[in-house]
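Only one structure is covered here, and it is reproduced in the block below.
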Amino acid sequence: MDSDRLSRLDLKTPCYLIDRGRIEENCRLLARVRERTGCRVLLALKAFAAFSLFPLIRKHLDGVCASGLYEARLGREEFGAEVHTHAPAFVPEQFGEIARLSDFVVFNSVSQLERFRADAERENCVLGLRVNPGYSEVETALYNPCAPGSRLGVRAAALAGADLPGVSGLHFHALCEQGADVLERVLARVEARFGHLLERMEWLNLGGGHHVTRPGYDVDLLCRLIDRVRERYRLQVYIEPGEAVALNAGWLAATVLDTVDAGGMAIAILDTSAETHMPDVLAMPYRPQVLGAGGPGELPHTFRLAGNTCLAGDVIGDYSFPRPLEPGDRLFFTDMAHYTMVKNTTFNGAPLPSIAVLHPGGRVEVVRRFSYEDFRNRLS
């Protein structure tokens, strides 16, 4: 949908607008991988947890992967299928409830396995161990789970001679927005370092970061890799995409509040913020696309888009437009369904964006509006 059609929608900004049709397209593609290979596909809640769409997603996927108590509870109560829970370390006071909510519990260390195994088995949880293959091609260190010194997963040297009582599967995660060619190289390291353990296992979770729904992704290679692992080790394979479920499936609608001249740089101040509403723009960093806009200098009028907080660096990026921006203009940032809502803050008292769903046919359903109480009640 182009910016003109989006601008005609009755939206109060800031607002996340999720494209239900695109979510379904993404899920159908993931379901085809599932049907071709027999693998099981989990939604990674850390990336996308808009539970109003869970009934749709549940038609195509097998369950969710959670990162702790609250995500496990959300998965159990709202998704209602398999719940796989992993954390770098479980909080002792929470673990009993986590085990009751989870079908699978994946431990990050042998010591955590030893500490909580009996409690997990008492709740009939399937037990897994996260391993670190010591290899990744993730370029941004902040997002590299296999970077030197990473706390995530057990390295092969630490498992020499390990018995791993009760463990029936292994989990690894080494990708971030990457293709099946990278998975192939990672898998080679996993098999070289943990193949002797895989021969004793019943399942293997290939983690997330698979950009399956990105144009040009080699789905055939992914399926061949899954088939090869299944056949060689006679085990069940899981993948847990999050971003791939919501890729290119949403916008963040914002309004220009003011324009200022900062010594020759035209700046448009918006009612949204990189710091609070799209934090990966600063953390990654990256420059999100804006519908109808170009790079600096490509179109006649270049503006720096900035957030409405007191953080000096709350800058989204430089863009060009066919005409000068004015207060009241509506802008739409693309691909804003994943790793946005789940990371929002109310820093500076910034209001949280509303959440709306765009249905096929053009109907907009606002599923959540936030208020002062959402800000206030977090603080005392």
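Going by the structure tokens order, chains are called A, B, ..., each with residues numbered from 1, while ligands are numbered from 1 in the order shown.
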Skip stretch 353-363 of chain A itself and residues of its chain fewer than 6 positions away, then list as a list of chain:residue names all residues within 6 Å of it, counting only C-alpha atoms. A:Pro14, A:Cys15, A:Tyr16, A:Leu17, A:Ile18, A:Asp19, A:Arg20, A:Gly21, A:Arg369
Based on DSSP run over this structure's backbone, return all residues of stretch 162-372 of chain A in strand (DSSP E), as a PyMOL selection string. chain A and resi 167-171+203-205+236-239+250-262+265-270+301-306+315-321+330-334+354-358+364-368
Preceding selection exported with C-alpha atoms as a JSON list (two decimals), in the first residue's frame:
[["chain", "number", "residue", "atom", "x", "y", "z"],
["A", 167, "VAL", "CA", 18.32, -34.00, 27.97],
["A", 168, "SER", "CA", 16.64, -35.13, 24.73],
["A", 169, "GLY", "CA", 17.53, -32.25, 22.44],
["A", 170, "LEU", "CA", 19.95, -29.45, 21.61],
["A", 171, "HIS", "CA", 19.30, -25.85, 20.68],
["A", 203, "TRP", "CA", 15.32, -33.22, 18.49],
["A", 204, "LEU", "CA", 17.37, -30.22, 17.36],
["A", 205, "ASN", "CA", 16.27, -26.59, 17.38],
["A", 236, "GLN", "CA", 12.81, -33.83, 14.96],
["A", 237, "VAL", "CA", 13.92, -30.40, 13.74],
["A", 238, "TYR", "CA", 12.55, -27.09, 15.02],
["A", 239, "ILE", "CA", 13.06, -23.56, 13.75],
["A", 250, "GLY", "CA", 3.66, -3.22, 9.26],
["A", 251, "TRP", "CA", 4.20, 0.51, 9.38],
["A", 252, "LEU", "CA", 4.73, 3.09, 12.08],
["A", 253, "ALA", "CA", 2.58, 6.10, 11.28],
["A", 254, "ALA", "CA", 3.87, 9.45, 12.52],
["A", 255, "THR", "CA", 2.95, 13.12, 12.16],
["A", 256, "VAL", "CA", 5.26, 16.10, 11.66],
["A", 257, "LEU", "CA", 4.89, 18.42, 14.68],
["A", 258, "ASP", "CA", 7.34, 21.15, 13.68],
["A", 259, "THR", "CA", 10.16, 21.97, 11.30],
["A", 260, "VAL", "CA", 13.29, 23.88, 12.29],
["A", 261, "ASP", "CA", 16.41, 25.13, 10.54],
["A", 262, "ALA", "CA", 19.54, 23.96, 12.38],
["A", 265, "MET", "CA", 19.97, 21.44, 8.10],
["A", 266, "ALA", "CA", 16.18, 21.24, 7.82],
["A", 267, "ILE", "CA", 14.81, 19.12, 10.67],
["A", 268, "ALA", "CA", 11.29, 17.72, 11.05],
["A", 269, "ILE", "CA", 10.32, 16.85, 14.62],
["A", 270, "LEU", "CA", 7.82, 13.98, 14.76],
["A", 301, "HIS", "CA", 13.89, 18.70, -0.23],
["A", 302, "THR", "CA", 16.06, 16.94, 2.37],
["A", 303, "PHE", "CA", 15.03, 16.77, 6.02],
["A", 304, "ARG", "CA", 16.50, 15.15, 9.08],
["A", 305, "LEU", "CA", 13.70, 13.27, 10.88],
["A", 306, "ALA", "CA", 14.00, 13.53, 14.64],
["A", 315, "VAL", "CA", 17.49, 11.09, 15.25],
["A", 316, "ILE", "CA", 15.92, 8.64, 12.83],
["A", 317, "GLY", "CA", 17.85, 9.65, 9.72],
["A", 318, "ASP", "CA", 18.08, 11.98, 6.73],
["A", 319, "TYR", "CA", 15.50, 11.72, 3.95],
["A", 320, "SER", "CA", 14.41, 13.69, 0.90],
["A", 321, "PHE", "CA", 10.87, 14.52, -0.19],
["A", 330, "ARG", "CA", 1.81, 12.14, 7.83],
["A", 331, "LEU", "CA", 4.83, 9.82, 7.40],
["A", 332, "PHE", "CA", 4.95, 6.02, 7.32],
["A", 333, "PHE", "CA", 8.04, 4.08, 8.37],
["A", 334, "THR", "CA", 8.11, 0.62, 6.80],
["A", 354, "SER", "CA", -1.52, 2.73, 19.38],
["A", 355, "ILE", "CA", -1.69, -0.69, 17.71],
["A", 356, "ALA", "CA", -3.99, -1.22, 14.74],
["A", 357, "VAL", "CA", -4.57, -4.06, 12.27],
["A", 358, "LEU", "CA", -5.15, -3.45, 8.57],
["A", 364, "VAL", "CA", -8.62, -0.72, 10.09],
["A", 365, "GLU", "CA", -9.18, -2.17, 13.55],
["A", 366, "VAL", "CA", -7.53, -0.37, 16.47],
["A", 367, "VAL", "CA", -6.76, -3.17, 18.95],
["A", 368, "ARG", "CA", -5.04, -1.10, 21.64]]
Identify which of the residues A:Ala293, A:Val342, A:Asn348, A:Asn144 lies closest to A:Arg323, counting only C-alpha atoms when measuring atom-to-atom distances. A:Ala293
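Between A:Phe48 and the candidates A:Ala118, A:Leu74, A:Val83, A:Ala31, the tightest atom-to-atom separation, counting only C-alpha atoms, involves A:Leu74.
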All residues 7 Å or closer to A:Val105, only C-alpha atoms, same chain fewer than 6 positions away omitted, as a list in words: His84, Thr85, His86, Cys125, Val126, Leu127 and Gly128 of chain A
Selection above as a file: C-alpha atoms, as a PDB file, in the first residue's frame:
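Final output, saved to result.pdb:
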ATOM      1  CA  HIS A  84       9.408 -23.717  24.410  1.00  0.00           C
ATOM      2  CA  THR A  85      11.145 -21.602  27.045  1.00  0.00           C
ATOM      3  CA  HIS A  86      14.810 -20.663  27.229  1.00  0.00           C
ATOM      4  CA  CYS A 125       8.785 -30.860  30.525  1.00  0.00           C
ATOM      5  CA  VAL A 126      10.988 -31.981  27.656  1.00  0.00           C
ATOM      6  CA  LEU A 127      14.552 -30.920  28.475  1.00  0.00           C
ATOM      7  CA  GLY A 128      17.046 -29.319  26.114  1.00  0.00           C
TER       8      GLY A 128
END
Excluding A:Asn132 and any residue of its chain fewer than 6 positions from it, enumerate the residues within 9 Å of it, using only C-alpha atoms, and give them as a ChimeraX atom specification. /A:145-146,150,152-156,171-174,190
Could those selected residues go to a file with C-alpha atoms, as an mmCIF file, in the first residue's frame?
data_model
loop_
_atom_site.group_PDB
_atom_site.id
_atom_site.type_symbol
_atom_site.label_atom_id
_atom_site.label_comp_id
_atom_site.auth_asym_id
_atom_site.auth_seq_id
_atom_site.Cartn_x
_atom_site.Cartn_y
_atom_site.Cartn_z
ATOM 1 C CA PRO A 145 25.032 -14.688 20.051
ATOM 2 C CA CYS A 146 28.310 -16.453 19.217
ATOM 3 C CA SER A 150 29.140 -14.636 24.710
ATOM 4 C CA LEU A 152 24.755 -17.790 25.421
ATOM 5 C CA GLY A 153 25.103 -21.554 25.072
ATOM 6 C CA VAL A 154 27.580 -24.199 26.183
ATOM 7 C CA ARG A 155 30.776 -24.601 24.183
ATOM 8 C CA ALA A 156 31.926 -27.991 22.974
ATOM 9 C CA HIS A 171 19.305 -25.853 20.675
ATOM 10 C CA PHE A 172 21.587 -23.337 18.981
ATOM 11 C CA HIS A 173 21.094 -19.816 17.709
ATOM 12 C CA ALA A 174 23.719 -18.200 15.490
ATOM 13 C CA VAL A 190 27.492 -27.617 14.878
#
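Distance-wise, atom CA of A:Leu43 and atom CA of A:Met336 end up 17.0 Å apart.
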Distance of atom CA of A:Thr272 from atom CA of A:Thr309, expressed in Å to one decimal place: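 These atoms are spaced 8.7 Å apart.
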Between A:Tyr339, A:Phe375, A:Tyr70, A:Phe194, single out the one closest to A:Pro133, counting only C-alpha atoms. A:Phe194
Best match for closeness to A:Arg193 among A:Tyr135, A:Glu71, A:Arg8, A:Leu142, counting only C-alpha atoms: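 Comparing A:Tyr135, A:Glu71, A:Arg8, A:Leu142 against A:Arg193, the winner is A:Tyr135.
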Which of A:Val212, A:Pro300, A:Glu199, A:Val219 sits closest to A:Tyr233 [using only C-alpha atoms]: A:Glu199
Counting only C-alpha atoms, the residue of A:Met1, A:Val41, A:Ala249, A:Val290 that sits nearest A:Cys65: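 For A:Cys65, the nearest of the given residues is A:Val41.
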Please identify all polymer residues within 8 Å of A:Pro351, counting only C-alpha atoms, omitting same-chain residues fewer than 3 positions from it, and present them as a PyMOL selection string. chain A and resi 346+370-372+375
As number ranges by chain, please: every residue in stretch 80-210 of chain A that DSSP puts in alpha helix (DSSP H). A: 92-101, 110-122, 180-198
Selection export as a CSV table (one decimal), in the first residue's frame, atoms kept: N, CA and C atoms:
chain,number,residue,atom,x,y,z
A,92,PRO,N,15.1,-18.6,40.3
A,92,PRO,CA,14.6,-19.8,41.1
A,92,PRO,C,13.1,-19.6,41.5
A,93,GLU,N,12.7,-18.4,41.9
A,93,GLU,CA,11.4,-18.2,42.4
A,93,GLU,C,10.3,-18.3,41.3
A,94,GLN,N,10.8,-18.2,40.0
A,94,GLN,CA,9.9,-18.3,38.9
A,94,GLN,C,9.8,-19.6,38.2
A,95,PHE,N,10.8,-20.5,38.5
A,95,PHE,CA,11.0,-21.6,37.6
A,95,PHE,C,9.8,-22.6,37.7
A,96,GLY,N,9.3,-22.8,38.9
A,96,GLY,CA,8.1,-23.7,39.0
A,96,GLY,C,7.0,-23.3,38.1
A,97,GLU,N,6.7,-22.1,38.1
A,97,GLU,CA,5.6,-21.6,37.2
A,97,GLU,C,6.0,-21.7,35.7
A,98,ILE,N,7.3,-21.4,35.4
A,98,ILE,CA,7.7,-21.6,34.0
A,98,ILE,C,7.6,-23.0,33.6
A,99,ALA,N,8.0,-23.9,34.4
A,99,ALA,CA,7.9,-25.4,34.1
A,99,ALA,C,6.4,-25.8,33.9
A,100,ARG,N,5.5,-25.2,34.7
A,100,ARG,CA,4.1,-25.6,34.5
A,100,ARG,C,3.5,-25.0,33.2
A,101,LEU,N,4.1,-23.9,32.7
A,101,LEU,CA,3.5,-23.3,31.5
A,101,LEU,C,4.2,-23.8,30.3
A,110,VAL,N,25.1,-26.3,31.9
A,110,VAL,CA,25.0,-27.6,32.6
A,110,VAL,C,24.6,-27.4,34.1
A,111,SER,N,25.1,-26.3,34.7
A,111,SER,CA,24.8,-26.0,36.1
A,111,SER,C,23.3,-25.7,36.2
A,112,GLN,N,22.7,-25.0,35.3
A,112,GLN,CA,21.2,-24.7,35.4
A,112,GLN,C,20.5,-26.0,35.1
A,113,LEU,N,20.9,-26.9,34.3
A,113,LEU,CA,20.3,-28.2,34.1
A,113,LEU,C,20.3,-29.0,35.3
A,114,GLU,N,21.4,-29.0,36.0
A,114,GLU,CA,21.5,-29.8,37.2
A,114,GLU,C,20.6,-29.2,38.3
A,115,ARG,N,20.5,-27.9,38.4
A,115,ARG,CA,19.8,-27.2,39.4
A,115,ARG,C,18.3,-27.4,39.3
A,116,PHE,N,17.8,-27.4,38.0
A,116,PHE,CA,16.3,-27.3,37.8
A,116,PHE,C,15.8,-28.5,37.1
A,117,ARG,N,16.6,-29.5,36.8
A,117,ARG,CA,16.1,-30.7,36.1
A,117,ARG,C,14.9,-31.4,36.8
A,118,ALA,N,15.1,-31.6,38.1
A,118,ALA,CA,14.0,-32.4,38.8
A,118,ALA,C,12.7,-31.6,38.8
A,119,ASP,N,12.8,-30.3,38.9
A,119,ASP,CA,11.5,-29.5,38.9
A,119,ASP,C,10.9,-29.6,37.5
A,120,ALA,N,11.7,-29.5,36.5
A,120,ALA,CA,11.2,-29.5,35.1
A,120,ALA,C,10.6,-30.9,34.8
A,121,GLU,N,11.2,-32.0,35.2
A,121,GLU,CA,10.7,-33.3,35.0
A,121,GLU,C,9.4,-33.6,35.8
A,122,ARG,N,9.3,-33.0,36.9
A,122,ARG,CA,8.1,-33.1,37.7
A,122,ARG,C,6.9,-32.6,37.0
A,180,ALA,N,19.8,-19.1,4.0
A,180,ALA,CA,20.1,-20.5,4.3
A,180,ALA,C,21.6,-20.8,4.0
A,181,ASP,N,22.2,-20.0,3.2
A,181,ASP,CA,23.7,-20.3,2.9
A,181,ASP,C,24.5,-20.2,4.2
A,182,VAL,N,24.1,-19.2,5.0
A,182,VAL,CA,24.8,-19.0,6.3
A,182,VAL,C,24.5,-20.1,7.2
A,183,LEU,N,23.2,-20.5,7.3
A,183,LEU,CA,22.8,-21.7,8.1
A,183,LEU,C,23.6,-22.9,7.7
A,184,GLU,N,23.9,-23.1,6.4
A,184,GLU,CA,24.6,-24.3,6.0
A,184,GLU,C,26.0,-24.3,6.6
A,185,ARG,N,26.7,-23.1,6.6
A,185,ARG,CA,28.0,-23.0,7.2
A,185,ARG,C,28.0,-23.2,8.7
A,186,VAL,N,27.0,-22.6,9.4
A,186,VAL,CA,26.8,-22.8,10.8
A,186,VAL,C,26.6,-24.3,11.2
A,187,LEU,N,25.7,-24.9,10.4
A,187,LEU,CA,25.4,-26.3,10.7
A,187,LEU,C,26.7,-27.2,10.6
A,188,ALA,N,27.5,-26.9,9.6
A,188,ALA,CA,28.8,-27.7,9.5
A,188,ALA,C,29.6,-27.6,10.8
A,189,ARG,N,29.6,-26.4,11.5
A,189,ARG,CA,30.3,-26.3,12.7
A,189,ARG,C,29.6,-27.0,13.8
A,190,VAL,N,28.3,-26.9,13.8
A,190,VAL,CA,27.5,-27.6,14.9
A,190,VAL,C,27.7,-29.1,14.8
A,191,GLU,N,27.7,-29.7,13.6
A,191,GLU,CA,27.9,-31.1,13.5
A,191,GLU,C,29.3,-31.5,13.8
A,192,ALA,N,30.3,-30.7,13.4
A,192,ALA,CA,31.7,-31.0,13.8
A,192,ALA,C,31.9,-31.0,15.3
A,193,ARG,N,31.3,-30.2,16.0
A,193,ARG,CA,31.5,-30.0,17.4
A,193,ARG,C,30.5,-30.8,18.3
A,194,PHE,N,29.3,-31.0,17.8
A,194,PHE,CA,28.3,-31.6,18.7
A,194,PHE,C,27.7,-32.8,18.0
A,195,GLY,N,28.2,-33.3,16.9
A,195,GLY,CA,27.6,-34.4,16.2
A,195,GLY,C,27.5,-35.7,17.0
A,196,HIS,N,28.5,-35.9,17.9
A,196,HIS,CA,28.4,-37.1,18.7
A,196,HIS,C,27.3,-37.0,19.7
A,197,LEU,N,26.9,-35.8,20.1
A,197,LEU,CA,25.7,-35.7,21.0
A,197,LEU,C,24.4,-35.8,20.2
A,198,LEU,N,24.4,-35.2,19.0
A,198,LEU,CA,23.2,-35.3,18.2
A,198,LEU,C,22.7,-36.8,17.9
